[in-house]
$ cat protein.cif   # mmCIF, C-alpha atoms and all ligand atoms
data_input
loop_
_atom_site.label_atom_id
_atom_site.label_comp_id
_atom_site.auth_asym_id
_atom_site.auth_seq_id
_atom_site.Cartn_x
_atom_site.Cartn_y
_atom_site.Cartn_z
CA MET A 964 149.06 -106.66 197.96
CA SER A 965 148.08 -104.27 195.22
CA ALA A 966 149.62 -104.80 191.79
CA GLY A 967 151.00 -101.93 189.78
CA ILE A 968 152.80 -98.77 190.79
CA GLU A 969 151.43 -96.17 193.19
CA VAL A 970 153.18 -92.83 193.35
CA THR A 971 151.82 -90.35 195.88
CA ASP A 972 152.81 -86.69 196.05
CA VAL A 973 156.43 -87.38 195.09
CA ALA A 974 158.92 -84.52 194.91
CA VAL A 975 162.54 -84.93 193.79
CA ARG A 976 165.08 -82.14 193.68
CA TYR A 977 168.68 -82.13 192.48
CA ARG A 978 170.22 -79.22 194.41
CA ASP A 979 168.22 -76.27 193.08
CA VAL A 980 166.56 -78.13 190.16
CA VAL A 981 163.07 -79.40 190.88
CA ALA A 982 162.67 -82.55 188.74
CA LEU A 983 159.38 -83.80 190.18
CA ASP A 984 156.97 -81.68 192.14
CA GLY A 985 153.99 -83.44 193.70
CA VAL A 986 153.60 -86.38 191.30
CA THR A 987 150.62 -88.59 192.09
CA LEU A 988 149.99 -91.47 189.73
CA THR A 989 148.62 -95.00 189.69
CA VAL A 990 150.06 -97.21 186.96
CA PRO A 991 147.84 -100.29 186.69
CA ALA A 992 148.90 -103.87 186.05
CA GLY A 993 147.72 -105.54 182.86
CA ARG A 994 148.07 -102.43 180.72
CA VAL A 995 150.72 -100.51 178.84
CA THR A 996 151.05 -96.94 180.09
CA GLY A 997 152.91 -94.38 177.99
CA LEU A 998 154.86 -91.67 179.83
CA VAL A 999 155.18 -88.59 177.67
CA GLY A 1000 157.04 -85.38 178.32
CA MET A 1001 159.68 -83.11 176.87
CA ASN A 1002 163.41 -83.35 177.63
CA GLY A 1003 163.96 -82.57 181.26
CA SER A 1004 160.30 -83.04 182.25
CA GLY A 1005 161.30 -85.65 184.84
CA LYS A 1006 160.58 -88.99 183.12
CA SER A 1007 163.92 -90.60 183.98
CA THR A 1008 163.73 -89.20 187.50
CA LEU A 1009 160.31 -90.79 187.94
CA PHE A 1010 161.82 -94.14 186.88
CA LYS A 1011 164.66 -93.61 189.34
CA ALA A 1012 162.15 -92.94 192.12
CA ILE A 1013 160.28 -96.14 191.20
CA THR A 1014 163.47 -98.22 191.14
CA GLY A 1015 164.70 -96.66 194.37
CA VAL A 1016 167.81 -95.10 192.78
CA VAL A 1017 166.74 -91.66 193.98
CA ARG A 1018 164.94 -91.05 197.21
CA PRO A 1019 162.16 -88.46 197.02
CA GLU A 1020 162.36 -85.55 199.42
CA ARG A 1021 158.61 -85.94 199.81
CA GLY A 1022 155.94 -88.51 199.03
CA THR A 1023 155.80 -92.29 198.70
CA VAL A 1024 156.24 -94.92 196.01
CA ARG A 1025 154.79 -98.45 196.22
CA VAL A 1026 155.65 -101.09 193.65
CA ASP A 1027 153.39 -104.14 193.73
CA GLY A 1028 152.47 -103.10 197.26
CA VAL A 1029 156.01 -102.72 198.65
CA ASP A 1030 158.59 -99.94 198.82
CA PRO A 1031 161.11 -99.59 195.94
CA ALA A 1032 164.06 -101.09 197.86
CA THR A 1033 162.07 -104.20 198.74
CA ALA A 1034 160.75 -104.43 195.18
CA ARG A 1035 164.30 -104.24 193.88
CA ARG A 1036 165.52 -106.94 196.26
CA ARG A 1037 162.67 -109.19 195.20
CA GLY A 1038 163.35 -108.64 191.50
CA VAL A 1039 159.89 -107.16 190.95
CA VAL A 1040 161.11 -104.44 188.59
CA GLY A 1041 162.75 -104.94 185.21
CA TYR A 1042 164.38 -101.85 183.75
CA VAL A 1043 165.26 -101.17 180.12
CA PRO A 1044 167.65 -98.20 180.26
CA GLN A 1045 168.21 -95.39 177.80
CA SER A 1046 170.92 -96.43 175.36
CA GLU A 1047 173.24 -93.62 176.51
CA ASP A 1048 173.23 -95.10 179.99
CA VAL A 1049 174.76 -98.42 178.91
CA ASP A 1050 178.46 -99.16 178.28
CA TRP A 1051 178.06 -101.18 175.08
CA SER A 1052 181.78 -102.01 174.92
CA PHE A 1053 181.53 -104.11 178.08
CA PRO A 1054 182.66 -107.68 177.32
CA LEU A 1055 179.32 -109.35 177.95
CA SER A 1056 177.41 -111.53 175.53
CA VAL A 1057 173.69 -111.13 174.93
CA HIS A 1058 173.22 -114.34 176.95
CA ASP A 1059 175.24 -112.86 179.85
CA VAL A 1060 173.14 -109.69 179.90
CA VAL A 1061 169.90 -111.65 180.02
CA MET A 1062 171.38 -113.92 182.72
CA THR A 1063 171.82 -110.86 184.98
CA GLY A 1064 168.01 -110.99 185.23
CA ARG A 1065 168.39 -114.37 186.96
CA TYR A 1066 170.67 -113.15 189.78
CA GLY A 1067 167.73 -112.78 192.16
CA HIS A 1068 166.82 -116.41 191.50
CA GLN A 1069 170.32 -117.80 192.05
CA GLY A 1070 170.91 -117.20 195.76
CA PHE A 1071 174.28 -116.09 197.10
CA THR A 1072 176.46 -118.26 194.87
CA ARG A 1073 175.16 -116.65 191.69
CA ARG A 1074 175.82 -119.91 189.95
CA ALA A 1075 173.60 -120.42 186.93
CA ARG A 1076 171.55 -123.58 187.17
CA PRO A 1077 169.86 -125.42 184.29
CA ALA A 1078 166.59 -123.67 185.17
CA ASP A 1079 168.34 -120.28 184.83
CA ARG A 1080 169.84 -121.18 181.46
CA ALA A 1081 166.45 -122.45 180.28
CA ALA A 1082 164.78 -119.20 181.39
CA VAL A 1083 167.41 -117.17 179.48
CA ASP A 1084 167.02 -119.26 176.32
CA GLU A 1085 163.25 -118.99 176.51
CA ALA A 1086 163.39 -115.21 177.00
CA LEU A 1087 165.79 -114.80 174.07
CA ASP A 1088 163.51 -116.86 171.85
CA ARG A 1089 160.53 -114.81 172.95
CA VAL A 1090 162.17 -111.56 171.81
CA GLY A 1091 163.52 -113.18 168.63
CA LEU A 1092 167.21 -113.08 169.63
CA GLY A 1093 167.84 -116.81 170.05
CA ALA A 1094 170.41 -116.74 167.25
CA TYR A 1095 172.31 -113.83 168.82
CA ALA A 1096 172.95 -115.28 172.29
CA GLY A 1097 176.73 -115.48 171.87
CA ARG A 1098 177.22 -112.01 170.43
CA GLN A 1099 178.89 -109.21 172.34
CA ILE A 1100 176.10 -106.89 173.44
CA GLY A 1101 177.49 -103.89 171.52
CA GLN A 1102 177.32 -105.78 168.26
CA LEU A 1103 173.56 -105.59 168.02
CA SER A 1104 171.36 -103.08 166.24
CA GLY A 1105 169.55 -100.45 168.31
CA GLY A 1106 166.32 -102.43 168.28
CA GLN A 1107 168.05 -105.70 169.14
CA LYS A 1108 169.77 -104.06 172.11
CA LYS A 1109 166.39 -102.98 173.46
CA ARG A 1110 165.00 -106.44 172.92
CA ALA A 1111 167.95 -107.94 174.82
CA PHE A 1112 167.03 -105.82 177.85
CA VAL A 1113 163.35 -106.74 177.50
CA ALA A 1114 164.51 -110.38 177.50
CA ARG A 1115 166.39 -109.69 180.74
CA GLY A 1116 163.11 -108.49 182.29
CA ILE A 1117 161.31 -111.60 181.02
CA ALA A 1118 164.03 -113.94 182.36
CA GLN A 1119 163.83 -112.11 185.68
CA ASP A 1120 160.06 -112.70 185.66
CA ALA A 1121 159.67 -109.03 186.54
CA ARG A 1122 156.09 -108.10 187.37
CA VAL A 1123 156.80 -104.46 186.55
CA LEU A 1124 158.67 -103.35 183.44
CA LEU A 1125 159.99 -99.83 183.00
CA LEU A 1126 161.32 -98.81 179.60
CA ASP A 1127 163.11 -95.49 179.11
CA GLU A 1128 162.80 -94.30 175.50
CA PRO A 1129 162.86 -97.78 173.96
CA PHE A 1130 162.27 -96.47 170.43
CA ALA A 1131 165.14 -93.98 170.22
CA GLY A 1132 167.44 -95.09 167.39
CA VAL A 1133 165.22 -98.05 166.58
CA ASP A 1134 163.88 -98.81 163.09
CA LYS A 1135 160.16 -99.16 162.48
CA ARG A 1136 160.23 -102.94 162.22
CA SER A 1137 162.01 -103.38 165.55
CA GLU A 1138 159.66 -100.81 167.05
CA ALA A 1139 156.64 -102.86 165.93
CA THR A 1140 158.25 -106.02 167.39
CA ILE A 1141 158.87 -104.32 170.73
CA VAL A 1142 155.34 -102.86 170.82
CA GLY A 1143 153.89 -106.34 170.18
CA LEU A 1144 156.04 -107.81 172.95
CA LEU A 1145 155.07 -105.17 175.48
CA ARG A 1146 151.41 -105.70 174.74
CA GLU A 1147 151.83 -109.45 175.29
CA LEU A 1148 153.67 -108.84 178.57
CA ALA A 1149 150.88 -106.54 179.76
CA ALA A 1150 148.28 -109.10 178.71
CA ASP A 1151 150.12 -111.55 181.03
CA GLY A 1152 149.19 -109.19 183.89
CA ARG A 1153 152.45 -107.27 184.11
CA THR A 1154 152.68 -103.54 184.70
CA VAL A 1155 154.39 -101.84 181.74
CA LEU A 1156 155.43 -98.18 181.88
CA VAL A 1157 157.17 -96.79 178.79
CA SER A 1158 158.59 -93.31 178.37
CA THR A 1159 158.62 -92.01 174.84
CA HIS A 1160 158.89 -88.87 172.76
CA ASP A 1161 157.29 -90.67 169.86
CA LEU A 1162 153.70 -89.50 169.87
CA HIS A 1163 152.98 -91.38 166.63
CA ALA A 1164 153.79 -94.68 168.32
CA LEU A 1165 151.53 -94.00 171.26
CA PRO A 1166 148.12 -95.19 169.98
CA ASP A 1167 149.52 -98.62 168.99
CA LEU A 1168 151.73 -98.88 172.04
CA ALA A 1169 149.73 -97.76 175.02
CA ASP A 1170 146.33 -98.22 176.61
CA GLU A 1171 146.72 -95.02 178.56
CA ALA A 1172 149.01 -92.01 178.58
CA VAL A 1173 150.52 -89.80 181.23
CA LEU A 1174 151.63 -86.30 180.30
CA LEU A 1175 154.42 -85.20 182.63
CA LEU A 1176 155.95 -81.80 183.20
CA HIS A 1177 157.45 -82.12 186.68
CA ARG A 1178 153.93 -83.12 187.74
CA VAL A 1179 151.14 -85.07 186.07
CA LEU A 1180 149.30 -82.79 183.65
CA PHE A 1181 147.04 -85.53 182.34
CA HIS A 1182 146.46 -89.26 182.81
CA GLY A 1183 143.84 -91.08 180.77
CA PRO A 1184 143.06 -92.66 177.42
CA VAL A 1185 145.68 -92.05 174.73
CA ALA A 1186 143.20 -90.39 172.39
CA ASP A 1187 142.36 -87.85 175.08
CA ALA A 1188 146.04 -87.12 175.71
CA LEU A 1189 146.83 -86.45 172.06
CA VAL A 1190 144.86 -83.24 171.79
CA PRO A 1191 146.52 -79.93 170.94
CA HIS A 1192 145.97 -78.02 174.16
CA ARG A 1193 147.25 -80.88 176.34
CA LEU A 1194 150.29 -81.52 174.17
CA ALA A 1195 151.03 -77.80 174.04
CA ALA A 1196 151.01 -77.65 177.82
CA ALA A 1197 153.21 -80.75 178.14
CA PHE A 1198 155.74 -79.56 175.58
CA GLY A 1199 155.73 -75.95 176.70
CA LEU A 1200 154.32 -74.58 173.45
CA ASP A 1201 152.30 -71.43 173.21
CA LEU A 1202 149.42 -71.97 170.81
CA GLY A 1203 148.42 -68.36 170.97
CA PRO A 1204 145.05 -66.99 171.95
CA VAL A 1205 142.04 -69.31 172.06
CA GLY A 1206 140.53 -69.47 168.58
CA GLY A 1207 143.66 -70.64 166.82
CA PRO A 1208 147.22 -69.62 166.25
CA THR A 1209 147.93 -66.01 165.51
CA THR A 1210 148.53 -65.42 161.83
CA GLY A 1211 151.07 -63.18 160.21
CA ALA A 1212 151.20 -60.30 162.64
CA ALA A 1213 152.65 -57.29 160.81
CA SER A 1214 156.18 -56.50 161.82
N1 LIG B 1301 171.90 -86.05 188.48
C1 LIG B 1301 171.34 -84.86 188.25
N2 LIG B 1301 171.85 -83.73 188.79
C2 LIG B 1301 171.27 -82.53 188.58
N3 LIG B 1301 170.17 -82.33 187.83
C3 LIG B 1301 169.62 -83.42 187.26
C4 LIG B 1301 170.17 -84.72 187.43
N4 LIG B 1301 169.39 -85.60 186.73
C5 LIG B 1301 168.42 -84.88 186.16
N5 LIG B 1301 168.54 -83.55 186.47
C6 LIG B 1301 167.63 -82.47 186.07
O1 LIG B 1301 166.33 -82.81 186.49
C7 LIG B 1301 165.36 -82.48 185.50
C8 LIG B 1301 164.63 -83.75 185.06
O2 LIG B 1301 165.53 -84.61 184.39
P1 LIG B 1301 165.13 -86.06 183.84
O3 LIG B 1301 166.39 -86.70 183.35
O4 LIG B 1301 164.33 -86.75 184.85
O5 LIG B 1301 164.19 -85.67 182.61
P2 LIG B 1301 163.69 -86.55 181.38
O6 LIG B 1301 162.26 -86.19 181.19
O7 LIG B 1301 164.02 -87.97 181.60
O8 LIG B 1301 164.57 -85.95 180.18
P3 LIG B 1301 165.04 -86.66 178.81
O9 LIG B 1301 163.82 -86.82 177.98
O10 LIG B 1301 166.00 -85.65 178.26
O11 LIG B 1301 165.71 -87.95 179.20
C9 LIG B 1301 166.14 -81.80 184.39
O12 LIG B 1301 166.08 -80.40 184.60
C10 LIG B 1301 167.55 -82.32 184.57
O13 LIG B 1301 168.49 -81.39 184.08
#

$ encode --input "protein.cif" --output "structure tokens" --more "lines below"
Ligand SMILES: Nc1ncnc2c1ncn2[C@@H]1O[C@H](COP(=O)(O)OP(=O)(O)OP(=O)(O)O)[C@@H](O)[C@H]1O
Amino acid sequence: MSAGIEVTDVAVRYRDVVALDGVTLTVPAGRVTGLVGMNGSGKSTLFKAITGVVRPERGTVRVDGVDPATARRRGVVGYVPQSEDVDWSFPLSVHDVVMTGRYGHQGFTRRARPADRAAVDEALDRVGLGAYAGRQIGQLSGGQKKRAFVARGIAQDARVLLLDEPFAGVDKRSEATIVGLLRELAADGRTVLVSTHDLHALPDLADEAVLLLHRVLFHGPVADALVPHRLAAAFGLDLGPVGGPTTGAAS
């Protein structure tokens, strides 16, 4: 069984909008991979294809060697959603949210056993939220909310972690904490795929970068991704003719 994520020629369309068009990508285990692209480039859709929430009209996805539905059933994938996608007013404590990561370990009764509670406590300590276990999930800072969902993935013992914009609305200190955590989780042999707009964070965060604009424009070392012509292509910018930007054309 191969570890990591293998996406082969995946196309996803929402009615007449083509979100992904022939995406082929191998995301290796044991590394942090940054997924970079502008709004609407298809990053969330790629996550949805990997988690099995959307079914591609073409192509295949394998997660740790199995299809997304099987991976989901086995609790292989931990997902840290975009903040907008979470109802923060829901009456769940931080402990409850992290415990949802244990459902796959609890059988049909979904009754938490001592081992489940220990796994939740350990995960909360690992992300530095041990003191916040009893708090309602909405009463955390942006960075703490993200860490709570990372703790859920740890408690789940997810081999693959997907994080959708984990740094949006997060202060620099929390960002550094999350980056450190993700690097540790990758060093444990997990597959970590993180979408971000934050190009400044990328060199510290990721071992490799994927530039996405409905298809993979580039996949390789971060330093090679962060070059003007590649970023311009990914973000749809026109740098002007080769030789530098045009200067002060007379009007
Ligand atoms: N449920 C949907 N119905 C119709 N179109 C959709 C739907 N979800 C996404 N799209 C469209 O598909 C394209 C890709 O969207 P997606 O959310 O995957 O991009 P993204 O890179 O995650 O964007 P962002 O950075 O803004 O989150 C966009 O054009 C978007 O408008």

$ closest_residue --input "protein.cif" --among "A:Ala1195, A:Leu1148, A:Thr971, A:Val990" --to "Gly1183 of chain A" --atoms "all atoms listed in the file"
A:Val990

$ residues_near_ligand --input "protein.cif" --ligand "ligand LIG 1301 (chain B)" --cutoff "7 Å" --atoms "all atoms listed in the file" --output "PyMOL selection string"
chain A and resi 977-978+980-982+1000-1009

$ closest_residue --input "protein.cif" --among "A:Met1062, A:Thr996, A:Asp1127, A:Val986" --to "Arg1074 of chain A" --atoms "only C-alpha atoms"
A:Met1062

$ atom_distance --input "protein.cif" --atom1 "atom CA of Val1017 of chain A" --atom2 "atom CA of Val973 of chain A"
11.2 Å

$ closest_residue --input "protein.cif" --among "A:Ala1034, A:Tyr1095, A:Asp1088, A:Arg1178" --to "Asp972 of chain A" --atoms "all atoms listed in the file"
A:Arg1178

$ atom_distance --input "protein.cif" --atom1 "atom CA of Ile1117 of chain A" --atom2 "atom CA of Asp1059 of chain A"
14.0 Å

$ closest_residue --input "protein.cif" --among "A:Gln1107, A:Ser1158, A:Gln1102, A:Gln1045" --to "Ile1141 of chain A" --atoms "all atoms listed in the file"
A:Gln1107

$ closest_residue --input "protein.cif" --among "A:His1177, A:Arg1115, A:Lys1109, A:Arg1076" --to "Val1142 of chain A" --atoms "all atoms listed in the file"
A:Lys1109

$ closest_residue --input "protein.cif" --among "A:Val1133, A:Arg1098, A:Leu1176, A:Ala1186" --to "Phe1053 of chain A" --atoms "all atoms listed in the file"
A:Arg1098

$ residues_around --input "protein.cif" --residues "Arg1025 of chain A" --least-positions-apart "2" --cutoff "7 Å" --atoms "only C-alpha atoms" --output "PyMOL selection string"
chain A and resi 968-970+1023+1027-1031

$ decode --input "protein.cif" --residues "segment 1119-1148 of chain A" --atoms "N, CA and C atoms" --output "PDB file, in the first residue's frame"
ATOM      1  N   GLN A1119      -7.455  11.392  16.039  1.00  0.00           N
ATOM      2  CA  GLN A1119      -7.958  10.423  15.059  1.00  0.00           C
ATOM      3  C   GLN A1119      -6.844   9.490  14.598  1.00  0.00           C
ATOM      4  N   ASP A1120      -5.595   9.927  14.815  1.00  0.00           N
ATOM      5  CA  ASP A1120      -4.420   9.236  14.288  1.00  0.00           C
ATOM      6  C   ASP A1120      -4.472   9.186  12.768  1.00  0.00           C
ATOM      7  N   ALA A1121      -4.881  10.322  12.190  1.00  0.00           N
ATOM      8  CA  ALA A1121      -4.993  10.428  10.731  1.00  0.00           C
ATOM      9  C   ALA A1121      -3.600  10.360  10.108  1.00  0.00           C
ATOM     10  N   ARG A1122      -3.480   9.534   9.071  1.00  0.00           N
ATOM     11  CA  ARG A1122      -2.184   9.416   8.380  1.00  0.00           C
ATOM     12  C   ARG A1122      -1.998  10.550   7.379  1.00  0.00           C
ATOM     13  N   VAL A1123      -3.134  11.150   6.998  1.00  0.00           N
ATOM     14  CA  VAL A1123      -3.116  12.219   5.996  1.00  0.00           C
ATOM     15  C   VAL A1123      -3.845  13.421   6.590  1.00  0.00           C
ATOM     16  N   LEU A1124      -3.197  14.558   6.597  1.00  0.00           N
ATOM     17  CA  LEU A1124      -3.829  15.768   7.132  1.00  0.00           C
ATOM     18  C   LEU A1124      -3.953  16.800   6.024  1.00  0.00           C
ATOM     19  N   LEU A1125      -5.179  17.304   5.860  1.00  0.00           N
ATOM     20  CA  LEU A1125      -5.439  18.352   4.875  1.00  0.00           C
ATOM     21  C   LEU A1125      -5.837  19.603   5.635  1.00  0.00           C
ATOM     22  N   LEU A1126      -5.199  20.714   5.350  1.00  0.00           N
ATOM     23  CA  LEU A1126      -5.540  21.963   6.037  1.00  0.00           C
ATOM     24  C   LEU A1126      -5.851  23.021   4.997  1.00  0.00           C
ATOM     25  N   ASP A1127      -7.073  23.587   5.106  1.00  0.00           N
ATOM     26  CA  ASP A1127      -7.527  24.575   4.125  1.00  0.00           C
ATOM     27  C   ASP A1127      -7.330  25.969   4.725  1.00  0.00           C
ATOM     28  N   GLU A1128      -6.359  26.692   4.227  1.00  0.00           N
ATOM     29  CA  GLU A1128      -6.075  28.060   4.691  1.00  0.00           C
ATOM     30  C   GLU A1128      -5.952  28.155   6.216  1.00  0.00           C
ATOM     31  N   PRO A1129      -5.032  27.420   6.816  1.00  0.00           N
ATOM     32  CA  PRO A1129      -4.979  27.427   8.283  1.00  0.00           C
ATOM     33  C   PRO A1129      -4.455  28.734   8.883  1.00  0.00           C
ATOM     34  N   PHE A1130      -3.917  29.617   8.059  1.00  0.00           N
ATOM     35  CA  PHE A1130      -3.330  30.840   8.613  1.00  0.00           C
ATOM     36  C   PHE A1130      -4.212  32.071   8.450  1.00  0.00           C
ATOM     37  N   ALA A1131      -5.379  31.894   7.805  1.00  0.00           N
ATOM     38  CA  ALA A1131      -6.273  33.038   7.623  1.00  0.00           C
ATOM     39  C   ALA A1131      -6.799  33.470   8.989  1.00  0.00           C
ATOM     40  N   GLY A1132      -6.636  34.740   9.323  1.00  0.00           N
ATOM     41  CA  GLY A1132      -7.121  35.265  10.601  1.00  0.00           C
ATOM     42  C   GLY A1132      -6.350  34.768  11.810  1.00  0.00           C
ATOM     43  N   VAL A1133      -5.116  34.351  11.591  1.00  0.00           N
ATOM     44  CA  VAL A1133      -4.307  33.781  12.672  1.00  0.00           C
ATOM     45  C   VAL A1133      -3.091  34.679  12.907  1.00  0.00           C
ATOM     46  N   ASP A1134      -2.803  34.987  14.170  1.00  0.00           N
ATOM     47  CA  ASP A1134      -1.651  35.863  14.438  1.00  0.00           C
ATOM     48  C   ASP A1134      -0.335  35.111  14.212  1.00  0.00           C
ATOM     49  N   LYS A1135       0.737  35.871  14.139  1.00  0.00           N
ATOM     50  CA  LYS A1135       2.037  35.291  13.755  1.00  0.00           C
ATOM     51  C   LYS A1135       2.517  34.222  14.737  1.00  0.00           C
ATOM     52  N   ARG A1136       2.194  34.429  16.027  1.00  0.00           N
ATOM     53  CA  ARG A1136       2.677  33.458  17.011  1.00  0.00           C
ATOM     54  C   ARG A1136       1.954  32.116  16.846  1.00  0.00           C
ATOM     55  N   SER A1137       0.637  32.194  16.689  1.00  0.00           N
ATOM     56  CA  SER A1137      -0.124  30.954  16.453  1.00  0.00           C
ATOM     57  C   SER A1137       0.313  30.296  15.156  1.00  0.00           C
ATOM     58  N   GLU A1138       0.587  31.138  14.146  1.00  0.00           N
ATOM     59  CA  GLU A1138       1.036  30.593  12.856  1.00  0.00           C
ATOM     60  C   GLU A1138       2.319  29.788  13.052  1.00  0.00           C
ATOM     61  N   ALA A1139       3.268  30.361  13.821  1.00  0.00           N
ATOM     62  CA  ALA A1139       4.537  29.662  14.047  1.00  0.00           C
ATOM     63  C   ALA A1139       4.298  28.357  14.807  1.00  0.00           C
ATOM     64  N   THR A1140       3.353  28.371  15.758  1.00  0.00           N
ATOM     65  CA  THR A1140       3.038  27.152  16.517  1.00  0.00           C
ATOM     66  C   THR A1140       2.475  26.080  15.583  1.00  0.00           C
ATOM     67  N   ILE A1141       1.566  26.497  14.715  1.00  0.00           N
ATOM     68  CA  ILE A1141       0.938  25.531  13.798  1.00  0.00           C
ATOM     69  C   ILE A1141       1.977  24.977  12.818  1.00  0.00           C
ATOM     70  N   VAL A1142       2.832  25.871  12.308  1.00  0.00           N
ATOM     71  CA  VAL A1142       3.879  25.417  11.377  1.00  0.00           C
ATOM     72  C   VAL A1142       4.760  24.370  12.057  1.00  0.00           C
ATOM     73  N   GLY A1143       5.163  24.650  13.306  1.00  0.00           N
ATOM     74  CA  GLY A1143       6.017  23.700  14.046  1.00  0.00           C
ATOM     75  C   GLY A1143       5.323  22.351  14.216  1.00  0.00           C
ATOM     76  N   LEU A1144       4.027  22.408  14.539  1.00  0.00           N
ATOM     77  CA  LEU A1144       3.247  21.184  14.715  1.00  0.00           C
ATOM     78  C   LEU A1144       3.173  20.361  13.435  1.00  0.00           C
ATOM     79  N   LEU A1145       2.902  21.062  12.337  1.00  0.00           N
ATOM     80  CA  LEU A1145       2.751  20.348  11.061  1.00  0.00           C
ATOM     81  C   LEU A1145       4.065  19.693  10.665  1.00  0.00           C
ATOM     82  N   ARG A1146       5.153  20.372  10.955  1.00  0.00           N
ATOM     83  CA  ARG A1146       6.455  19.789  10.609  1.00  0.00           C
ATOM     84  C   ARG A1146       6.724  18.546  11.456  1.00  0.00           C
ATOM     85  N   GLU A1147       6.318  18.599  12.724  1.00  0.00           N
ATOM     86  CA  GLU A1147       6.467  17.404  13.586  1.00  0.00           C
ATOM     87  C   GLU A1147       5.617  16.251  13.061  1.00  0.00           C
ATOM     88  N   LEU A1148       4.374  16.582  12.661  1.00  0.00           N
ATOM     89  CA  LEU A1148       3.461  15.529  12.204  1.00  0.00           C
ATOM     90  C   LEU A1148       3.974  14.898  10.914  1.00  0.00           C
TER      91      LEU A1148
END
